[in-house]
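Containing compact mmCIF, C-alpha atoms: protein.txt.
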```
# COMPACT_ATOMS: atom_id res chain seq x y z
CA MET A 288 119.89 138.09 51.19
CA GLY A 289 117.84 135.63 53.19
CA VAL A 290 119.10 132.41 54.69
CA GLY A 291 118.48 128.88 53.55
CA ILE A 292 117.23 126.03 55.71
CA GLN A 293 118.90 122.63 55.99
CA VAL A 294 116.83 119.80 57.49
CA GLU A 295 118.41 116.42 58.31
CA ASN A 296 116.70 113.31 59.70
CA VAL A 297 113.93 115.20 61.49
CA ASN A 298 111.44 113.04 63.40
CA ALA A 299 108.64 114.44 65.55
CA TRP A 300 106.18 112.99 68.03
CA TYR A 301 103.02 113.97 69.89
CA GLY A 302 103.37 111.76 72.93
CA LYS A 303 103.85 108.22 71.55
CA SER A 304 102.37 109.06 68.15
CA GLN A 305 105.02 109.78 65.52
CA ALA A 306 104.01 112.66 63.25
CA LEU A 307 107.17 113.06 61.11
CA HIS A 308 109.51 110.36 59.82
CA ASP A 309 113.08 111.11 58.67
CA ILE A 310 112.50 114.41 56.89
CA ASN A 311 115.49 115.59 54.82
CA LEU A 312 115.49 118.62 52.56
CA LYS A 313 117.33 121.81 51.69
CA ILE A 314 115.17 124.92 51.37
CA GLU A 315 116.71 127.50 49.07
CA ALA A 316 117.30 131.05 50.32
CA ASN A 317 115.24 133.85 48.74
CA HIS A 318 112.73 131.52 47.17
CA ALA A 319 109.20 130.43 48.05
CA THR A 320 108.81 126.74 48.88
CA ALA A 321 105.32 125.23 49.07
CA LEU A 322 104.39 122.19 51.15
CA ILE A 323 101.37 120.24 49.90
CA GLY A 324 99.61 117.05 50.98
CA PRO A 325 96.37 115.81 52.56
CA SER A 326 95.15 117.07 55.94
CA GLY A 327 97.00 115.54 58.86
CA CYS A 328 100.06 114.52 56.84
CA GLY A 329 102.59 116.55 58.87
CA LYS A 330 102.98 119.80 56.91
CA SER A 331 102.09 122.15 59.78
CA THR A 332 103.99 120.03 62.28
CA PHE A 333 107.04 120.31 60.04
CA ILE A 334 107.07 124.11 59.87
CA ARG A 335 106.43 124.27 63.64
CA CYS A 336 109.63 122.24 64.04
CA LEU A 337 111.55 124.87 62.05
CA ASN A 338 110.90 127.59 64.65
CA ARG A 339 110.64 125.24 67.66
CA MET A 340 106.95 125.86 68.23
CA HIS A 341 106.32 122.10 68.12
CA GLU A 342 107.98 121.61 71.49
CA THR A 343 105.55 124.07 73.12
CA THR A 344 102.84 121.37 72.82
CA PRO A 345 102.73 119.12 75.91
CA ASP A 346 104.49 115.76 75.36
CA ALA A 347 105.72 116.82 71.91
CA ARG A 348 109.35 116.28 70.96
CA VAL A 349 111.69 116.50 67.98
CA GLU A 350 114.86 114.67 66.96
CA GLY A 351 117.22 115.56 64.13
CA HIS A 352 119.02 118.64 62.86
CA VAL A 353 117.63 121.95 61.59
CA LYS A 354 119.96 124.74 60.48
CA ILE A 355 118.57 128.20 59.74
CA GLY A 356 121.49 129.81 57.96
CA ASP A 357 124.38 129.41 60.40
CA LEU A 358 122.14 128.74 63.42
CA ASP A 359 121.71 125.19 64.66
CA ALA A 360 118.08 125.35 65.80
CA TYR A 361 118.26 122.54 68.35
CA ASN A 362 121.85 122.79 69.52
CA GLY A 363 123.11 125.90 71.31
CA THR A 364 120.35 128.22 70.10
CA SER A 365 117.53 129.40 72.34
CA PRO A 366 113.97 129.39 70.94
CA THR A 367 113.81 133.18 71.43
CA GLN A 368 117.04 133.71 69.47
CA LEU A 369 115.76 131.43 66.71
CA ARG A 370 112.33 133.05 66.45
CA ARG A 371 113.88 136.49 66.01
CA ARG A 372 115.08 135.21 62.64
CA ILE A 373 111.85 133.45 61.70
CA GLY A 374 108.51 135.18 61.19
CA MET A 375 105.30 133.12 61.36
CA VAL A 376 101.91 133.78 59.78
CA PHE A 377 99.06 131.48 60.81
CA GLN A 378 96.03 130.10 59.05
CA LYS A 379 93.61 132.41 60.84
CA PRO A 380 94.61 136.08 61.14
CA ASN A 381 95.40 136.80 64.79
CA PRO A 382 95.86 140.55 65.33
CA PHE A 383 95.84 141.72 68.94
CA PRO A 384 92.22 142.94 69.16
CA THR A 385 92.71 145.65 71.81
CA MET A 386 95.75 147.21 70.11
CA SER A 387 95.81 149.84 67.38
CA ILE A 388 97.11 148.95 63.93
CA TYR A 389 100.37 150.73 64.83
CA ASP A 390 100.81 148.87 68.12
CA ASN A 391 100.05 145.54 66.43
CA VAL A 392 102.97 146.03 64.04
CA ALA A 393 105.29 147.37 66.76
CA ALA A 394 104.39 144.69 69.33
CA GLY A 395 107.36 142.38 68.70
CA LEU A 396 109.86 145.23 68.76
CA LYS A 397 108.45 146.67 71.99
CA LEU A 398 108.51 143.21 73.56
CA ASN A 399 112.24 143.12 72.81
CA GLY A 400 112.75 146.46 74.54
CA TYR A 401 112.78 148.67 71.45
CA ARG A 402 111.79 152.23 72.43
CA ASP A 403 113.17 154.66 69.80
CA ARG A 404 109.91 156.30 68.65
CA LYS A 405 111.26 157.79 65.40
CA ASN A 406 112.74 154.46 64.35
CA LEU A 407 109.58 152.63 65.44
CA ASP A 408 107.51 154.95 63.23
CA ASP A 409 109.76 154.20 60.27
CA ILE A 410 109.73 150.44 60.86
CA VAL A 411 105.92 150.36 61.22
CA GLU A 412 105.46 152.37 58.02
CA ASN A 413 107.96 150.26 56.06
CA SER A 414 106.45 147.01 57.35
CA LEU A 415 102.94 148.12 56.35
CA LYS A 416 104.27 149.15 52.94
CA SER A 417 106.01 145.78 52.54
CA SER A 418 102.74 144.02 53.35
CA ALA A 419 100.82 146.20 50.84
CA LEU A 420 98.62 147.65 53.60
CA TRP A 421 100.01 151.16 54.17
CA GLU A 422 97.84 153.01 51.64
CA GLU A 423 94.69 151.45 53.12
CA VAL A 424 95.40 152.25 56.78
CA LYS A 425 97.89 155.16 56.93
CA ASP A 426 95.27 157.66 58.16
CA THR A 427 93.91 155.41 60.92
CA ILE A 428 96.89 153.47 62.26
CA HIS A 429 96.56 155.04 65.73
CA LYS A 430 92.75 155.21 65.75
CA LYS A 431 91.62 151.80 64.54
CA SER A 432 92.23 148.46 66.20
CA GLY A 433 93.69 145.52 64.32
CA ALA A 434 90.40 143.68 64.80
CA SER A 435 88.48 146.42 62.91
CA LEU A 436 90.10 145.44 59.59
CA SER A 437 88.69 142.97 57.07
CA GLY A 438 89.97 139.38 57.08
CA GLY A 439 92.39 139.97 54.23
CA GLN A 440 93.66 143.19 55.79
CA GLN A 441 94.11 141.43 59.13
CA GLN A 442 96.26 138.78 57.47
CA ARG A 443 98.40 141.45 55.81
CA LEU A 444 98.65 143.18 59.21
CA CYS A 445 99.95 139.90 60.68
CA ILE A 446 102.50 139.73 57.87
CA ALA A 447 103.56 143.33 58.65
CA ARG A 448 103.92 142.37 62.34
CA ALA A 449 106.12 139.42 61.37
CA LEU A 450 108.27 141.58 59.07
CA ALA A 451 108.76 144.37 61.63
CA VAL A 452 111.29 142.36 63.65
CA ALA A 453 113.42 141.90 60.48
CA PRO A 454 113.34 138.11 60.15
CA GLU A 455 115.21 136.23 57.44
CA VAL A 456 112.68 133.41 57.09
CA LEU A 457 108.90 133.71 56.81
CA LEU A 458 106.76 130.64 57.58
CA MET A 459 103.14 130.75 56.39
CA ASP A 460 100.68 128.08 57.51
CA GLU A 461 97.77 128.17 55.02
CA PRO A 462 97.70 131.98 55.10
CA CYS A 463 94.86 132.25 52.56
CA SER A 464 92.52 129.45 53.64
CA ALA A 465 90.13 131.82 55.45
CA LEU A 466 90.25 134.56 52.80
CA ASP A 467 88.15 135.51 49.77
CA PRO A 468 89.67 135.26 46.25
CA ILE A 469 90.58 138.97 46.02
CA SER A 470 92.40 138.93 49.38
CA THR A 471 94.06 135.65 48.41
CA GLY A 472 95.34 137.28 45.22
CA LYS A 473 96.83 140.16 47.24
CA ILE A 474 98.62 137.76 49.60
CA GLU A 475 99.99 135.79 46.63
CA GLU A 476 101.28 139.00 45.00
CA LEU A 477 102.88 139.84 48.32
CA ILE A 478 104.65 136.47 48.52
CA PHE A 479 106.02 137.10 45.05
CA GLU A 480 107.48 140.44 46.14
CA LEU A 481 108.73 139.31 49.56
CA LYS A 482 110.73 136.30 48.38
CA ALA A 483 113.35 138.67 46.96
CA GLN A 484 114.21 139.53 50.58
CA TYR A 485 113.07 136.49 52.59
CA THR A 486 113.12 132.73 52.46
CA ILE A 487 109.44 131.75 52.43
CA VAL A 488 107.89 128.40 53.32
CA ILE A 489 104.15 128.15 52.72
CA VAL A 490 101.82 125.31 53.69
CA THR A 491 98.86 125.19 51.33
CA HIS A 492 96.00 122.89 50.34
CA ASN A 493 95.56 124.93 47.16
CA MET A 494 97.72 123.32 44.52
CA GLN A 495 97.09 126.13 42.04
CA GLN A 496 98.46 128.50 44.67
CA ALA A 497 101.59 126.38 45.09
CA ALA A 498 102.08 126.41 41.32
CA ARG A 499 101.64 130.19 41.19
CA VAL A 500 103.88 131.34 44.04
CA ALA A 501 106.54 128.68 44.73
CA GLU A 502 109.69 127.70 42.85
CA TYR A 503 110.00 124.50 44.91
CA THR A 504 107.33 122.14 46.25
CA GLY A 505 107.43 119.29 48.75
CA PHE A 506 104.71 116.62 48.92
CA PHE A 507 103.98 115.16 52.35
CA LEU A 508 102.04 111.95 52.97
CA LEU A 509 101.53 110.19 56.32
CA GLY A 510 104.33 112.14 57.96
CA ARG A 511 106.90 111.49 55.24
CA MET A 512 108.38 113.70 52.55
CA ILE A 513 107.47 111.71 49.44
CA GLU A 514 108.96 114.08 46.90
CA TYR A 515 110.68 117.48 46.84
CA ASP A 516 111.65 119.20 43.61
CA LYS A 517 111.14 122.24 41.43
CA THR A 518 107.44 123.08 41.37
CA GLU A 519 107.15 122.72 37.61
CA LYS A 520 108.51 119.17 37.76
CA ILE A 521 106.29 118.19 40.72
CA PHE A 522 103.18 119.30 38.82
CA THR A 523 104.07 118.13 35.31
CA ASN A 524 106.36 115.14 35.73
CA PRO A 525 106.46 113.86 39.34
CA SER A 526 108.88 111.04 40.12
CA ASP A 527 106.58 109.22 42.55
CA LYS A 528 103.17 107.81 41.58
CA ARG A 529 101.73 108.87 44.94
CA THR A 530 102.54 112.49 44.10
CA GLU A 531 100.85 112.13 40.73
CA ASP A 532 97.79 110.49 42.32
CA TYR A 533 97.44 113.34 44.82
CA ILE A 534 97.91 116.12 42.26
CA THR A 535 95.41 114.55 39.84
CA GLY A 536 92.83 114.16 42.59
CA ARG A 537 92.84 110.37 42.93
CA PHE A 538 93.05 110.78 46.69
CA GLY A 539 93.36 113.47 49.37
```
Can you turn what I pasted into C-alpha cells?
Amino acid sequence: MGVGIQVENVNAWYGKSQALHDINLKIEANHATALIGPSGCGKSTFIRCLNRMHETTPDARVEGHVKIGDLDAYNGTSPTQLRRRIGMVFQKPNPFPTMSIYDNVAAGLKLNGYRDRKNLDDIVENSLKSSALWEEVKDTIHKKSGASLSGGQQQRLCIARALAVAPEVLLMDEPCSALDPISTGKIEELIFELKAQYTIVIVTHNMQQAARVAEYTGFFLLGRMIEYDKTEKIFTNPSDKRTEDYITGRFG
C-alpha cells in the first residue's frame, strides 16, 4: 500500500514574494488527488514543496510541516532520502536524449549504485509494463534512444523511470498538457491503474481530466487552498462560490 501525505501550515516564498499561504490538507494513500486552479496560483509550487524541489530555486524557502507516510520531509530527512519515496513526472517529457530506452528507465537505480544486471532487467521490464509501454518498445529498448519516441511514449517512459526506483508517491505536474488526445487517454488509463499501488497527486488545467481520474480535488487560488473535497462534490456542489465560479468558467 502507498503512503498518505499530511500537510500542515505550509507557506512558501520566492525571495520576498509569498507563493503559498497556510496550506493544510491530508492526501489519501492509494488514491489520485487532482489540484486545479488558474495559472500562477501555486499548484506546481505546492507539489515541488512535497519533494523539496522548491528549495532548489535560489532564494526560495518553505515553512510548515509535510509528512510523507512516517517521514517528516523538513525535519530529519534528507532531500535524497525523501525523493527516493517520491517519483516526479513533469509537464514536458524529459527523457535523457543520449541514453537508450533501457538506460533511461535504469538511470535512477544506477545512480544509487544498483548493479545487479538480472534484477535491473526485471525492474526495467516491469516498469515499462506498468507504464503501458513495454509492448511498443520491447524489441528496441537497447537500440533506440528515449528521444526517438513520440511525445506520448516519452511521457510514459518518464513514468517508467519514476516507477523503477519503487516510490510510494507519484507527483505529476500537468503530465498531459503537451500531448495529443490519444496519448492523454493512455496516461489517464495509466493513472487509474497506478493508483492501486501509489499515492498520486496530479496538477491539471483540464477539469474534465480531474473529474475522470481523481477521487479528491483541491482548488487553488492566489496561493491559497480554497477548497478540498471529494471530486464529485467539488464539481457538482462546491462549498465556496469562488470554486463554482472557476469550474463554470466565470474566471481563470
I'd like to know which of A:Gly439, A:Pro462, A:Pro384, A:Gly324 is closest to Leu420 (chain A), using all atoms listed in the file.
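When distances to Leu420 (chain A) are compared using all atoms listed in the file, the smallest one comes from A:Gly439.
The spacing separating CA of Gly374 (chain A) from CA of Asn317 (chain A) amounts to 14.2 Å.
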Residue among A:Val376, A:Asn524, A:Arg339, A:Lys482 lying closest to Asn362 (chain A), counting only C-alpha atoms:
A:Arg339
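Taking CA of Gly356 (chain A) and CA of Gly505 (chain A) as the two end points, the separation is 19.8 Å.
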Quick one, how far is CA of Asp359 (chain A) from CA of Ala453 (chain A)?
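If I compute the distance from CA of Asp359 (chain A) to CA of Ala453 (chain A), I get 19.1 Å.
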Here is a test: counting all atoms listed in the file, which residue of A:Arg348, A:Arg370, A:Lys330, A:Arg499 is nearest to Asp460 (chain A)?
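Looking only at the distances to Asp460 (chain A), the closest residue turns out to be A:Lys330.
Checking A:Tyr515, A:Tyr389, A:Tyr485, A:Tyr361 one by one against Ala316 (chain A), counting all atoms listed in the file, you find the shortest gap at A:Tyr485.
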Kindly extract all protein, DNA and RNA residues lying within 6 Å of the coordinates (102.9, 144.1, 50.1) given in the file, considering all atoms listed in the file, and supply them as a PDB file with C-alpha atoms, in the coordinates of the input.
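Result saved to point_30.pdb:
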```pdb
ATOM      1  CA  LYS A 416     104.270 149.150  52.940  1.00  0.00           C
ATOM      2  CA  SER A 417     106.010 145.780  52.540  1.00  0.00           C
ATOM      3  CA  SER A 418     102.740 144.020  53.350  1.00  0.00           C
ATOM      4  CA  ALA A 419     100.820 146.200  50.840  1.00  0.00           C
ATOM      5  CA  LEU A 477     102.880 139.840  48.320  1.00  0.00           C
TER       6      LEU A 477
END
```
Got a sec to check which residues sit within 9 Å of (87.0, 141.9, 52.1), counting all atoms listed in the file, and write them as a list of chain:residue names?
A:Leu436, A:Ser437, A:Gly438, A:Gly439, A:Gln440, A:Leu466, A:Asp467, A:Ile469, A:Ser470
Could you give me region 430-461 of chain A completed to N, CA and C atoms, formatted as a compact mmCIF listing (two decimals), in the frame of the given file?
```txt
# COMPACT_ATOMS: atom_id res chain seq x y z
N LYS A 430 94.16 155.10 65.33
CA LYS A 430 92.75 155.21 65.75
C LYS A 430 92.03 153.87 65.71
N LYS A 431 92.34 153.06 64.72
CA LYS A 431 91.62 151.80 64.54
C LYS A 431 92.37 150.64 65.18
N SER A 432 91.60 149.67 65.67
CA SER A 432 92.23 148.46 66.20
C SER A 432 92.50 147.47 65.07
N GLY A 433 93.40 146.55 65.31
CA GLY A 433 93.69 145.52 64.32
C GLY A 433 92.46 144.70 64.00
N ALA A 434 91.59 144.51 64.99
CA ALA A 434 90.40 143.68 64.80
C ALA A 434 89.35 144.37 63.94
N SER A 435 89.48 145.69 63.71
CA SER A 435 88.48 146.42 62.91
C SER A 435 88.68 146.21 61.41
N LEU A 436 89.79 145.63 61.01
CA LEU A 436 90.10 145.44 59.59
C LEU A 436 89.37 144.23 59.04
N SER A 437 89.27 144.15 57.72
CA SER A 437 88.69 142.97 57.07
C SER A 437 89.63 141.77 57.24
N GLY A 438 89.14 140.58 56.92
CA GLY A 438 89.97 139.38 57.08
C GLY A 438 91.27 139.44 56.30
N GLY A 439 91.18 139.88 55.05
CA GLY A 439 92.39 139.97 54.23
C GLY A 439 93.35 141.02 54.74
N GLN A 440 92.81 142.15 55.21
CA GLN A 440 93.66 143.19 55.79
C GLN A 440 94.31 142.71 57.09
N GLN A 441 93.54 141.97 57.89
CA GLN A 441 94.11 141.43 59.13
C GLN A 441 95.28 140.50 58.84
N GLN A 442 95.16 139.69 57.79
CA GLN A 442 96.26 138.78 57.47
C GLN A 442 97.48 139.56 57.00
N ARG A 443 97.27 140.62 56.22
CA ARG A 443 98.40 141.45 55.81
C ARG A 443 99.00 142.20 57.00
N LEU A 444 98.14 142.56 57.98
CA LEU A 444 98.65 143.18 59.21
C LEU A 444 99.55 142.18 59.97
N CYS A 445 99.13 140.93 60.01
CA CYS A 445 99.95 139.90 60.68
C CYS A 445 101.28 139.69 59.95
N ILE A 446 101.25 139.82 58.64
CA ILE A 446 102.50 139.73 57.87
C ILE A 446 103.39 140.93 58.20
N ALA A 447 102.79 142.13 58.28
CA ALA A 447 103.56 143.33 58.65
C ALA A 447 104.18 143.16 60.04
N ARG A 448 103.41 142.59 60.97
CA ARG A 448 103.92 142.37 62.34
C ARG A 448 105.11 141.41 62.31
N ALA A 449 105.01 140.38 61.48
CA ALA A 449 106.12 139.42 61.37
C ALA A 449 107.36 140.08 60.75
N LEU A 450 107.14 140.94 59.76
CA LEU A 450 108.27 141.58 59.07
C LEU A 450 108.96 142.65 59.91
N ALA A 451 108.23 143.23 60.86
CA ALA A 451 108.76 144.37 61.63
C ALA A 451 110.01 144.00 62.41
N VAL A 452 110.12 142.75 62.85
CA VAL A 452 111.29 142.36 63.65
C VAL A 452 112.46 141.91 62.77
N ALA A 453 112.34 142.18 61.45
CA ALA A 453 113.42 141.90 60.48
C ALA A 453 113.86 140.44 60.49
N PRO A 454 112.94 139.51 60.24
CA PRO A 454 113.34 138.11 60.15
C PRO A 454 114.05 137.84 58.83
N GLU A 455 114.61 136.64 58.71
CA GLU A 455 115.21 136.23 57.44
C GLU A 455 114.36 135.16 56.76
N VAL A 456 113.55 134.48 57.58
CA VAL A 456 112.68 133.41 57.09
C VAL A 456 111.25 133.76 57.45
N LEU A 457 110.31 133.49 56.54
CA LEU A 457 108.90 133.71 56.81
C LEU A 457 108.16 132.39 56.58
N LEU A 458 107.55 131.87 57.66
CA LEU A 458 106.76 130.64 57.58
C LEU A 458 105.29 131.03 57.50
N MET A 459 104.56 130.41 56.57
CA MET A 459 103.14 130.75 56.39
C MET A 459 102.33 129.46 56.37
N ASP A 460 101.46 129.31 57.37
CA ASP A 460 100.68 128.08 57.51
C ASP A 460 99.27 128.32 56.97
N GLU A 461 99.06 127.96 55.70
CA GLU A 461 97.77 128.17 55.02
C GLU A 461 97.26 129.60 55.20
```
